[in-house]
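The data block below is coords_11.cif; it holds mmCIF, C-alpha atoms and all ligand atoms.
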data_final
loop_
_atom_site.label_atom_id
_atom_site.label_comp_id
_atom_site.auth_asym_id
_atom_site.auth_seq_id
_atom_site.Cartn_x
_atom_site.Cartn_y
_atom_site.Cartn_z
CA MET A 6 -68.36 -150.14 79.22
CA ARG A 7 -68.99 -151.53 75.74
CA LYS A 8 -70.26 -155.10 76.09
CA VAL A 9 -71.44 -157.90 73.84
CA ASP A 10 -74.89 -157.06 72.44
CA TYR A 11 -77.53 -159.52 73.69
CA PHE A 12 -80.32 -157.86 71.69
CA LEU A 13 -82.57 -157.15 74.66
CA THR A 14 -86.12 -156.05 73.88
CA GLU A 15 -87.12 -152.45 74.60
CA GLU A 16 -88.86 -153.60 77.79
CA GLN A 17 -85.84 -155.56 78.95
CA GLN A 18 -83.54 -152.61 78.26
CA MET A 19 -85.87 -150.47 80.36
CA ILE A 20 -85.52 -152.92 83.28
CA VAL A 21 -81.72 -152.72 82.96
CA ASP A 22 -81.75 -148.92 82.79
CA VAL A 23 -83.96 -148.51 85.87
CA ALA A 24 -81.93 -151.07 87.86
CA ARG A 25 -78.69 -149.40 86.74
CA GLN A 26 -79.93 -146.00 87.87
CA ILE A 27 -80.85 -147.30 91.35
CA THR A 28 -77.44 -149.02 91.54
CA ASP A 29 -75.46 -145.93 90.54
CA GLU A 30 -77.49 -143.40 92.53
CA MET A 31 -78.33 -145.36 95.68
CA ILE A 32 -76.44 -148.65 96.05
CA ILE A 33 -72.87 -147.65 95.14
CA PRO A 34 -72.84 -144.49 97.30
CA GLN A 35 -74.15 -146.39 100.38
CA ARG A 36 -72.53 -149.82 100.06
CA VAL A 37 -69.45 -149.17 102.21
CA GLU A 38 -71.47 -147.81 105.12
CA LEU A 39 -74.09 -150.58 104.91
CA ASP A 40 -71.33 -153.22 104.81
CA GLU A 41 -69.42 -151.73 107.75
CA ASN A 42 -72.54 -151.26 109.87
CA GLU A 43 -74.02 -154.62 108.78
CA GLU A 44 -77.22 -152.70 108.08
CA PHE A 45 -80.23 -153.98 106.14
CA PRO A 46 -80.83 -151.61 103.17
CA GLN A 47 -84.48 -150.79 103.86
CA GLU A 48 -84.47 -147.49 101.93
CA ILE A 49 -82.97 -149.10 98.82
CA ILE A 50 -85.31 -152.08 98.97
CA SER A 51 -88.26 -149.65 99.13
CA ALA A 52 -86.88 -147.73 96.13
CA ILE A 53 -86.65 -150.99 94.14
CA GLY A 54 -90.32 -151.65 94.97
CA GLN A 55 -91.35 -148.11 94.00
CA ALA A 56 -89.54 -148.53 90.67
CA ASP A 57 -91.77 -151.56 89.96
CA LEU A 58 -88.86 -154.00 89.95
CA ALA A 59 -89.92 -156.12 92.95
CA GLY A 60 -92.52 -158.06 90.98
CA LEU A 61 -90.68 -158.73 87.71
CA TYR A 62 -91.31 -162.49 87.95
CA ILE A 63 -94.86 -162.23 89.35
CA PRO A 64 -97.78 -162.68 86.89
CA GLU A 65 -99.76 -159.56 86.01
CA GLU A 66 -102.97 -160.92 87.57
CA TYR A 67 -101.22 -160.81 90.97
CA GLY A 68 -99.88 -157.30 90.51
CA GLY A 69 -96.50 -158.14 88.96
CA PHE A 70 -94.73 -157.35 85.69
CA GLY A 71 -95.47 -160.78 84.26
CA GLY A 72 -91.89 -161.61 83.31
CA GLY A 73 -89.77 -164.65 84.01
CA VAL A 74 -86.37 -165.74 85.26
CA PHE A 75 -84.62 -163.75 82.51
CA ASP A 76 -86.23 -160.48 83.59
CA ILE A 77 -85.20 -160.85 87.21
CA VAL A 78 -81.69 -161.88 86.13
CA ILE A 79 -81.03 -158.69 84.15
CA ALA A 80 -82.16 -156.55 87.11
CA LEU A 81 -80.10 -158.54 89.63
CA GLU A 82 -76.99 -158.19 87.46
CA GLN A 83 -77.13 -154.43 87.93
CA PHE A 84 -77.77 -154.57 91.69
CA ALA A 85 -74.85 -157.01 92.13
CA ARG A 86 -72.56 -154.63 90.26
CA GLY A 87 -73.23 -152.30 93.19
CA CYS A 88 -73.44 -154.66 96.18
CA VAL A 89 -74.01 -158.41 96.40
CA GLY A 90 -75.39 -158.05 99.94
CA ILE A 91 -78.24 -155.85 98.69
CA ALA A 92 -78.76 -157.96 95.57
CA THR A 93 -78.91 -161.10 97.76
CA SER A 94 -81.70 -159.61 99.88
CA PHE A 95 -83.69 -158.88 96.74
CA ALA A 96 -82.99 -162.33 95.21
CA ALA A 97 -83.94 -164.09 98.45
CA SER A 98 -87.34 -162.42 98.43
CA ALA A 99 -88.03 -163.98 95.02
CA LEU A 100 -86.74 -167.30 96.40
CA GLY A 101 -89.27 -167.03 99.24
CA ALA A 102 -92.10 -166.16 96.85
CA PHE A 103 -91.46 -168.89 94.25
CA PRO A 104 -92.95 -171.78 96.33
CA ILE A 105 -96.29 -169.94 96.47
CA LEU A 106 -96.19 -169.22 92.73
CA ILE A 107 -95.20 -172.80 91.90
CA SER A 108 -97.49 -174.79 94.22
CA GLY A 109 -99.74 -172.35 96.12
CA THR A 110 -103.51 -172.04 95.79
CA GLU A 111 -105.18 -169.21 93.90
CA GLU A 112 -106.22 -167.66 97.24
CA MET A 113 -102.62 -167.75 98.49
CA LYS A 114 -101.30 -166.09 95.35
CA LYS A 115 -103.98 -163.38 95.59
CA LYS A 116 -103.22 -162.84 99.26
CA TYR A 117 -99.41 -162.66 99.20
CA MET A 118 -98.21 -161.75 95.70
CA PRO A 119 -99.55 -158.20 95.22
CA LYS A 120 -97.76 -156.88 98.31
CA ILE A 121 -94.53 -158.67 97.38
CA ALA A 122 -94.85 -157.29 93.82
CA SER A 123 -95.28 -153.74 95.08
CA GLY A 124 -92.30 -154.05 97.43
CA GLU A 125 -94.50 -153.49 100.49
CA HIS A 126 -93.74 -157.02 101.69
CA PHE A 127 -90.58 -159.06 101.53
CA ALA A 128 -90.28 -162.87 101.52
CA ALA A 129 -87.77 -165.46 102.79
CA PHE A 130 -87.20 -169.16 102.12
CA ALA A 131 -86.48 -171.54 105.00
CA LEU A 132 -84.98 -174.93 104.26
CA THR A 133 -81.59 -175.20 106.04
CA GLU A 134 -81.22 -176.48 109.60
CA ALA A 135 -78.17 -177.11 111.83
CA ASN A 136 -77.98 -180.77 110.73
CA ALA A 137 -79.50 -180.40 107.27
CA GLY A 138 -77.44 -178.38 104.79
CA SER A 139 -76.48 -180.11 101.54
CA ASP A 140 -78.45 -183.11 102.74
CA ALA A 141 -81.75 -181.27 103.05
CA SER A 142 -83.57 -184.54 103.67
CA GLY A 143 -82.20 -184.41 107.22
CA ILE A 144 -84.60 -181.64 108.32
CA GLN A 145 -86.16 -182.12 111.75
CA THR A 146 -88.68 -179.27 111.95
CA THR A 147 -92.17 -180.75 112.31
CA ALA A 148 -95.70 -179.62 111.54
CA VAL A 149 -98.62 -181.41 113.18
CA LEU A 150 -102.27 -180.80 112.32
CA ASP A 151 -104.32 -179.87 115.41
CA GLY A 152 -107.95 -179.15 114.50
CA ASP A 153 -107.90 -176.26 112.04
CA GLU A 154 -104.29 -175.34 112.69
CA TRP A 155 -100.80 -176.62 111.91
CA VAL A 156 -98.39 -176.52 114.85
CA LEU A 157 -94.73 -176.03 113.86
CA ASN A 158 -91.71 -176.87 116.03
CA GLY A 159 -88.04 -176.59 115.11
CA THR A 160 -85.30 -174.14 114.11
CA LYS A 161 -84.19 -173.04 110.65
CA GLN A 162 -80.62 -171.75 110.29
CA TRP A 163 -78.99 -168.96 108.25
CA ILE A 164 -82.16 -167.69 106.63
CA THR A 165 -81.63 -164.67 104.38
CA ASN A 166 -84.10 -161.84 105.13
CA GLY A 167 -84.82 -163.48 108.51
CA GLY A 168 -86.33 -160.83 110.78
CA GLU A 169 -86.86 -158.44 107.83
CA ALA A 170 -89.38 -160.40 105.75
CA GLN A 171 -93.11 -160.47 106.36
CA VAL A 172 -93.75 -163.77 104.52
CA TYR A 173 -91.75 -167.00 105.09
CA THR A 174 -92.02 -170.21 103.09
CA VAL A 175 -90.93 -173.03 105.39
CA ILE A 176 -90.48 -176.77 104.88
CA ALA A 177 -91.31 -179.16 107.73
CA LEU A 178 -91.98 -182.86 108.27
CA THR A 179 -95.68 -183.71 108.38
CA ASP A 180 -95.07 -187.47 108.41
CA LYS A 181 -91.66 -188.51 109.77
CA SER A 182 -92.20 -192.16 108.79
CA LYS A 183 -92.16 -191.24 105.06
CA GLY A 184 -88.75 -189.48 105.11
CA PRO A 185 -88.43 -186.79 102.38
CA ARG A 186 -91.88 -187.78 101.01
CA GLY A 187 -93.32 -186.78 104.37
CA ALA A 188 -92.25 -183.12 104.09
CA SER A 189 -94.60 -180.24 103.29
CA MET A 190 -94.29 -176.50 102.72
CA PHE A 191 -96.09 -173.76 104.63
CA VAL A 192 -96.46 -170.01 104.66
CA VAL A 193 -95.60 -168.47 108.02
CA GLU A 194 -96.29 -164.77 108.61
CA GLU A 195 -94.03 -162.52 110.68
CA ASN A 196 -96.53 -162.09 113.53
CA ASP A 197 -97.71 -165.69 113.85
CA PRO A 198 -97.78 -166.84 117.49
CA GLY A 199 -94.80 -169.00 118.49
CA PHE A 200 -92.54 -167.62 115.71
CA SER A 201 -89.37 -165.71 116.65
CA TYR A 202 -85.85 -164.99 115.34
CA GLY A 203 -82.29 -165.62 116.50
CA ALA A 204 -79.60 -162.93 116.58
CA LYS A 205 -78.29 -161.54 113.29
CA GLU A 206 -75.28 -163.58 112.08
CA LYS A 207 -71.85 -161.92 111.73
CA LYS A 208 -70.54 -162.70 108.24
CA LEU A 209 -67.41 -162.50 106.06
CA GLY A 210 -69.28 -160.75 103.25
CA ILE A 211 -72.75 -159.72 102.03
CA ARG A 212 -73.03 -157.85 105.33
CA ALA A 213 -75.90 -155.65 104.18
CA SER A 214 -78.05 -158.77 103.99
CA SER A 215 -79.71 -160.07 107.12
CA THR A 216 -79.14 -163.73 108.07
CA ARG A 217 -80.92 -165.17 111.10
CA GLU A 218 -82.31 -168.31 112.71
CA LEU A 219 -86.07 -168.78 112.54
CA ILE A 220 -87.43 -170.37 115.71
CA PHE A 221 -90.79 -172.17 115.77
CA LYS A 222 -92.05 -173.04 119.26
CA ASP A 223 -95.59 -174.38 119.09
CA CYS A 224 -96.09 -171.93 116.22
CA ARG A 225 -99.76 -172.08 115.21
CA ILE A 226 -100.84 -171.26 111.67
CA PRO A 227 -104.19 -171.77 109.92
CA LYS A 228 -104.73 -175.05 108.07
CA ASP A 229 -104.92 -173.33 104.68
CA ARG A 230 -101.30 -172.15 104.89
CA LEU A 231 -100.14 -175.52 103.55
CA ILE A 232 -98.51 -174.92 100.12
CA GLY A 233 -99.60 -177.60 97.64
CA ARG A 234 -100.48 -181.06 98.86
CA GLU A 235 -99.15 -182.70 102.00
CA GLY A 236 -95.92 -184.60 101.23
CA THR A 237 -94.94 -182.46 98.21
CA GLY A 238 -92.58 -180.13 100.11
CA PHE A 239 -89.36 -181.30 98.48
CA PHE A 240 -90.91 -181.24 95.01
CA THR A 241 -91.69 -177.56 95.54
CA VAL A 242 -88.23 -176.90 97.01
CA MET A 243 -86.45 -178.45 94.01
CA LYS A 244 -88.60 -176.58 91.49
CA THR A 245 -88.00 -173.37 93.44
CA LEU A 246 -84.21 -173.78 93.42
CA ASP A 247 -84.23 -174.58 89.69
CA MET A 248 -85.90 -171.20 89.12
CA SER A 249 -83.80 -169.24 91.60
CA ARG A 250 -80.24 -170.46 90.93
CA PRO A 251 -79.73 -168.35 87.77
CA GLY A 252 -80.47 -165.41 90.10
CA ILE A 253 -77.43 -166.38 92.19
CA ALA A 254 -75.34 -167.08 89.10
CA ILE A 255 -75.99 -163.59 87.76
CA LEU A 256 -74.85 -162.03 91.03
CA GLY A 257 -71.46 -163.51 90.10
CA VAL A 258 -71.65 -161.84 86.69
CA GLY A 259 -72.57 -158.40 88.05
CA LEU A 260 -69.86 -158.72 90.68
CA GLY A 261 -67.28 -159.90 88.13
CA GLN A 262 -68.12 -156.95 85.88
CA ALA A 263 -67.68 -154.52 88.77
CA ALA A 264 -64.32 -156.07 89.68
CA LEU A 265 -63.18 -155.82 86.04
CA ASP A 266 -64.30 -152.17 85.79
CA GLU A 267 -62.36 -151.25 88.95
CA SER A 268 -59.29 -153.16 87.77
CA VAL A 269 -59.05 -151.61 84.30
CA THR A 270 -59.63 -148.11 85.68
CA TYR A 271 -56.92 -148.62 88.29
CA ALA A 272 -54.45 -150.23 85.87
CA LYS A 273 -54.70 -147.22 83.54
CA GLN A 274 -53.93 -144.81 86.40
CA ARG A 275 -51.32 -146.63 88.48
CA VAL A 276 -47.78 -145.83 87.32
CA GLN A 277 -44.80 -148.09 88.12
CA PHE A 278 -41.49 -148.21 86.23
CA ASP A 279 -42.62 -144.96 84.53
CA LYS A 280 -45.60 -146.63 82.85
CA PRO A 281 -49.24 -147.20 83.68
CA ILE A 282 -49.35 -150.85 84.80
CA ILE A 283 -51.85 -151.65 82.00
CA ALA A 284 -48.87 -151.33 79.63
CA PHE A 285 -47.39 -154.53 81.10
CA GLN A 286 -48.54 -157.55 79.17
CA ALA A 287 -48.72 -159.66 82.33
CA VAL A 288 -51.33 -157.24 83.71
CA GLN A 289 -53.17 -157.04 80.38
CA HIS A 290 -53.48 -160.82 80.32
CA ILE A 291 -55.02 -160.89 83.80
CA LEU A 292 -57.53 -158.25 82.68
CA ALA A 293 -58.22 -160.07 79.41
CA ASP A 294 -58.99 -163.33 81.25
CA MET A 295 -61.26 -161.47 83.69
CA ALA A 296 -63.19 -159.97 80.75
CA ILE A 297 -63.39 -163.26 78.79
CA GLN A 298 -64.53 -165.30 81.78
CA THR A 299 -67.12 -162.74 82.91
CA GLU A 300 -68.60 -162.49 79.41
CA ALA A 301 -68.69 -166.30 79.09
CA ALA A 302 -70.50 -166.47 82.44
CA ARG A 303 -73.00 -163.80 81.34
CA SER A 304 -73.71 -165.69 78.11
CA LEU A 305 -74.34 -168.96 79.96
CA VAL A 306 -76.57 -167.37 82.61
CA TYR A 307 -78.66 -165.51 80.03
CA ALA A 308 -79.00 -168.69 77.94
CA ALA A 309 -79.91 -170.80 81.01
CA ALA A 310 -82.51 -168.24 82.17
CA LYS A 311 -84.15 -168.21 78.71
CA HIS A 312 -84.08 -172.01 78.61
CA ILE A 313 -85.76 -172.22 82.04
CA ASP A 314 -88.46 -169.71 81.05
CA ALA A 315 -89.22 -171.79 77.94
CA HIS A 316 -88.83 -175.26 79.51
CA PRO A 317 -89.55 -174.99 83.25
CA LYS A 318 -89.87 -178.77 83.56
CA ASP A 319 -86.35 -179.31 82.25
CA ALA A 320 -84.52 -176.70 84.30
CA SER A 321 -82.18 -178.49 86.76
CA LYS A 322 -79.10 -179.06 84.62
CA ALA A 323 -79.07 -175.60 83.02
CA SER A 324 -79.74 -173.98 86.39
CA SER A 325 -76.89 -175.82 88.16
CA MET A 326 -74.46 -175.39 85.26
CA CYS A 327 -74.79 -171.62 85.21
CA LYS A 328 -74.64 -171.39 89.03
CA VAL A 329 -71.33 -173.26 89.17
CA PHE A 330 -69.66 -171.51 86.26
CA ALA A 331 -70.67 -167.94 87.06
CA THR A 332 -69.96 -168.12 90.78
CA ASP A 333 -66.59 -169.89 90.42
CA THR A 334 -65.77 -167.20 87.84
CA ALA A 335 -66.76 -164.44 90.28
CA MET A 336 -64.45 -165.88 92.94
CA LYS A 337 -61.55 -166.00 90.51
CA VAL A 338 -62.20 -162.60 88.93
CA THR A 339 -62.56 -160.77 92.26
CA THR A 340 -59.35 -162.40 93.55
CA ASP A 341 -57.59 -161.27 90.37
CA ALA A 342 -58.95 -157.75 90.91
CA VAL A 343 -57.28 -157.60 94.33
CA GLN A 344 -54.04 -158.76 92.64
CA VAL A 345 -54.23 -156.04 89.97
CA LEU A 346 -54.69 -153.37 92.65
CA GLY A 347 -51.81 -154.83 94.69
CA GLY A 348 -51.63 -153.63 98.32
CA TYR A 349 -54.30 -151.00 97.64
CA GLY A 350 -56.65 -153.83 96.64
CA TYR A 351 -56.27 -155.29 100.09
CA MET A 352 -57.35 -152.05 101.78
CA ARG A 353 -60.94 -151.09 102.54
CA GLU A 354 -60.32 -147.75 100.85
CA TYR A 355 -60.86 -149.56 97.52
CA PRO A 356 -64.00 -151.60 96.74
CA VAL A 357 -62.34 -154.79 95.50
CA GLU A 358 -61.62 -156.29 98.96
CA LYS A 359 -65.38 -156.21 99.65
CA MET A 360 -66.03 -157.75 96.23
CA MET A 361 -63.70 -160.65 97.03
CA ARG A 362 -65.36 -161.16 100.44
CA ASP A 363 -68.82 -161.03 98.83
CA ALA A 364 -67.89 -163.52 96.10
CA LYS A 365 -67.27 -166.44 98.45
CA ILE A 366 -70.88 -166.95 99.53
CA LEU A 367 -71.99 -167.41 95.91
CA GLN A 368 -70.15 -170.76 95.82
CA ILE A 369 -71.91 -171.89 99.03
CA TYR A 370 -75.55 -170.84 99.34
CA GLU A 371 -78.55 -172.16 97.35
CA GLY A 372 -76.61 -175.44 97.18
CA THR A 373 -72.80 -175.56 97.18
CA ASN A 374 -70.97 -175.81 93.88
CA GLN A 375 -70.02 -179.40 94.72
CA ILE A 376 -73.72 -180.24 94.99
CA GLN A 377 -74.42 -178.42 91.69
CA ARG A 378 -71.73 -180.53 90.00
CA ASN A 379 -73.48 -183.61 91.42
CA VAL A 380 -76.73 -182.42 89.77
CA VAL A 381 -75.02 -181.92 86.40
CA GLY A 382 -73.22 -185.27 86.67
CA GLN A 383 -76.44 -187.11 87.54
CA ALA A 384 -78.26 -185.43 84.63
CA LEU A 385 -75.52 -186.52 82.22
CA ASN A 386 -75.70 -190.07 83.55
CA LYS A 387 -79.46 -190.15 82.88
CA GLU A 388 -79.29 -188.46 79.47
CA TYR A 389 -76.63 -190.79 78.12
CA ALA A 390 -78.39 -193.86 79.51
CA ARG A 391 -81.37 -192.89 77.32
CA SER A 392 -79.42 -192.22 74.13
C1 LIG B 1 -75.06 -166.25 104.26
C2 LIG B 1 -75.92 -167.46 104.07
C3 LIG B 1 -77.24 -167.30 103.66
C4 LIG B 1 -78.07 -168.44 103.52
N1 LIG B 1 -79.41 -168.24 103.18
C5 LIG B 1 -80.23 -169.31 103.22
C6 LIG B 1 -81.66 -169.14 103.05
O1 LIG B 1 -82.15 -168.03 102.81
N2 LIG B 1 -82.46 -170.25 103.15
C7 LIG B 1 -81.95 -171.48 103.41
O2 LIG B 1 -82.73 -172.43 103.52
N3 LIG B 1 -80.61 -171.69 103.55
C8 LIG B 1 -79.75 -170.63 103.48
N4 LIG B 1 -78.39 -170.81 103.65
C9 LIG B 1 -77.85 -172.18 103.82
C10 LIG B 1 -77.05 -172.67 102.63
O3 LIG B 1 -77.90 -172.97 101.54
C11 LIG B 1 -76.20 -173.88 103.10
O4 LIG B 1 -75.16 -173.33 103.88
C12 LIG B 1 -75.65 -174.69 101.96
O5 LIG B 1 -76.66 -175.40 101.29
C13 LIG B 1 -74.60 -175.72 102.42
O6 LIG B 1 -74.98 -176.41 103.57
P1 LIG B 1 -73.95 -176.47 104.81
O7 LIG B 1 -73.47 -175.10 105.07
O8 LIG B 1 -74.62 -177.18 105.91
O9 LIG B 1 -72.70 -177.31 104.31
P2 LIG B 1 -72.53 -178.89 104.31
O10 LIG B 1 -73.69 -179.55 103.66
O11 LIG B 1 -72.17 -179.34 105.69
O12 LIG B 1 -71.26 -179.06 103.37
C14 LIG B 1 -69.91 -178.87 103.82
C15 LIG B 1 -68.99 -179.18 102.65
O13 LIG B 1 -69.18 -180.55 102.23
C16 LIG B 1 -69.51 -180.61 100.85
N5 LIG B 1 -70.47 -181.69 100.59
C17 LIG B 1 -71.53 -182.07 101.36
N6 LIG B 1 -72.17 -183.08 100.80
C18 LIG B 1 -71.54 -183.37 99.64
C19 LIG B 1 -71.74 -184.32 98.60
N7 LIG B 1 -72.75 -185.18 98.58
N8 LIG B 1 -70.89 -184.30 97.52
C20 LIG B 1 -69.85 -183.41 97.49
N9 LIG B 1 -69.61 -182.50 98.45
C21 LIG B 1 -70.45 -182.47 99.50
C22 LIG B 1 -70.13 -179.25 100.53
O14 LIG B 1 -70.03 -178.92 99.17
C23 LIG B 1 -69.28 -178.32 101.41
O15 LIG B 1 -68.10 -178.01 100.76
C24 LIG B 1 -77.55 -169.72 103.76
C25 LIG B 1 -76.20 -169.87 104.13
C26 LIG B 1 -75.39 -168.78 104.31
C27 LIG B 1 -73.97 -168.98 104.75
#
In C-alpha cells, how does this file's structure come out?
Ligand SMILES: Cc1cc2nc3c(=O)[nH]c(=O)nc-3n(C[C@H](O)[C@H](O)[C@H](O)COP(=O)(O)OP(=O)(O)OC[C@H]3O[C@@H](n4cnc5c(N)ncnc54)[C@H](O)[C@@H]3O)c2cc1C
Amino acid sequence: MRKVDYFLTEEQQMIVDVARQITDEMIIPQRVELDENEEFPQEIISAIGQADLAGLYIPEEYGGFGGGVFDIVIALEQFARGCVGIATSFAASALGAFPILISGTEEMKKKYMPKIASGEHFAAFALTEANAGSDASGIQTTAVLDGDEWVLNGTKQWITNGGEAQVYTVIALTDKSKGPRGASMFVVEENDPGFSYGAKEKKLGIRASSTRELIFKDCRIPKDRLIGREGTGFFTVMKTLDMSRPGIAILGVGLGQAALDESVTYAKQRVQFDKPIIAFQAVQHILADMAIQTEAARSLVYAAAKHIDAHPKDASKASSMCKVFATDTAMKVTTDAVQVLGGYGYMREYPVEKMMRDAKILQIYEGTNQIQRNVVGQALNKEYARS
C-alpha cells in the first residue's frame, strides 16, 4: 500500500525489504498454525538470523549490524504485520541482550553478542515476579556471593522466550537492606545448575511466543556474570526499557497496518444492499480513522526511535509516549477491523480476530500503559518545574 514517505536510507530500505520478504514468505503462511498449536517459531527465528537481522542493534565489533533502535523498529514493524507472537519473540531477545550492551563488561559483550547477532543464540529478560509487576521494586529473588560464585534463589514469572533462550538477563537482590539500590543484574545461561523452567503459559494472544516461569533453586553462576556494578540493577533495567519500548510500540503499528489492509480489502469485496460496503460513508470513516491513527502512531514511533538513538540519556519520556500511543491505537484499530468484517471478523477463518487478541498484550507488557502515562506525567512535572 502507498504510505507516507519517511525518506529511509538505502540501508534502512534494505532492512525493510528483507524483513518484508520473510514476513510474506514465511510468517504469514504459518501464523495460523503456529497460533493454534501454540508453537515457538524456531524455523522463522533461524531464518531471521540467517538474513542478518538478529543483530541490527548490536555494534559491529561484536558481530552485529551496528545500527540502533530505529533499525530494529523498522524490521519489527514488518514482522508484526505478519504475527505479533513471532515479532514479540524477536523483540524480547533484544530486550534480553540490551542489559549486557548497556552495562556489561567487554568480555561479556565479546562472549554473548556474536552468537545473539548471528541468530545462533536467543536472549530473554527476567524482571517480573508473582508479587512484583508494575512495582518492580518488590522483587524477592536473591543472589548471594559464595566464594567465586553467585547463588540465585527465587522465581521469575511470565518471561518471554523462557525455555527457548540460551542467555537470560536476570535481576535479583544482592543486599535486601538497601531496597531497590540493593538489586543487581546477572547473566544466567540455559544449562546453569539449579536453573529450570515452569510450564508454558496458555495465553489469549501472541501464542507463537513462549512465556514461562524461570526457577532458580541454589542456581550457581560464576562471579563474573554480574552485569555492571553491584546495586546498579534497576539503573540497567530502566535504561533497557527506555531502549526497548519503541520496539513494542512499533508492533502496534505493524499490527494496525495489517488490520487496515485486511479491512480495506474486505470492504471493497463485501456486497450488501447491492453495493460494496466501502461505498457506505460510515464504513469509509472507520477506515479513514484507522489509517490516520496508524500513520500518526508510525510517525511518533519513528521520531521517538531517532530521538533515543541521538539522545540515549534523555529517552524515557519519548519511549513511554510512543508505547502508549501506538499500542492503544493498535487495540482500537484491530477492534475496528473486526467491526468492518462483521460476523466474519469474529471467525478464525479471517485473520482479524487473531489481530485483536494479539493487540491486547501490547498495552500490558514492558510496563502497562497506565505506568507509561505515569512516566510521561512525572517527566512533565520535572520539566515544567525547571522552566
Ligand atoms: C505475555 C506476557 C509476556 C511478558 N514478558 C515478560 C518478560 O519477558 N520479562 C518480564 O520481566 N516480564 C514480562 N511480563 C510481565 C509484564 O511486564 C507485567 O505483566 C506488567 O509489567 C504488569 O505487571 P502485572 O501484570 O503484575 O500487573 P499489576 O502491576 O498488578 O497491575 C494491575 C493493574 O493495575 C495498574 N496499576 C498498577 N500500579 C499502578 C500505578 N502506580 N498507577 C496506575 N495504575 C497502576 C496496572 O496498570 C494494571 O492495569 C510479561 C507479561 C505477559 C502477560
task = Pick out the residues no farther than 8 Å from ligand LIG 1 (chain B), counting all atoms listed in the file, and list them as an NGL selection string.
result = :A and (97 or 100 or 129-141 or 161-167 or 208 or 211 or 216 or 366 or 369-376 or 379)
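Residue nearest Lys181 of chain A, chosen from A:Ile144, A:Ile50, A:Val343, A:Val276 and counting only C-alpha atoms: A:Ile144.
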query = Excluding same-chain residues fewer than 5 positions from Lys365 of chain A, what lies within 9 Å of it counting all atoms listed in the file, as a list in words?
reply = Leu209, Gly210, Thr332, Asp333, Ala335 and Met336 of chain A
request  = Report the distance between atom CA of Gln35 of chain A and atom CA of Arg86 of chain A in Å, rounded to one decimal place.
outcome  = 13.1 Å
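From atom CA of His316 of chain A back to atom CA of Ala85 of chain A, the distance works out to 26.2 Å.
Nearest to Asp223 of chain A of all the residues A:Ser201, A:Gln262, A:Thr270, A:Thr174 is A:Ser201, based on only C-alpha atoms.
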message = Report, in Å with one decimal, the straight-line distance from atom CA of Ser189 of chain A to atom CA of Val175 of chain A.
response = 8.4 Å
Nearest to Arg378 of chain A by atom-to-atom distance, counting all atoms listed in the file, from A:Arg353, A:Lys359, A:Lys328, A:His290 = A:Lys328
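Here the question is which of A:Ser249, A:Ser214, A:Gln17, A:Thr28 gets nearest to Ala320 of chain A using all atoms listed in the file, and that residue is A:Ser249.
Using only C-alpha atoms, the shortest contact distance between Pro356 of chain A and any of A:Ala263, A:Val23, A:Ala287, A:Ile105 is found at A:Ala263.
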remark   = Across A:Leu385, A:Leu246, A:Val329, A:Cys88, the smallest distance to Ala264 of chain A, with all atoms listed in the file counted, is shown by A:Cys88
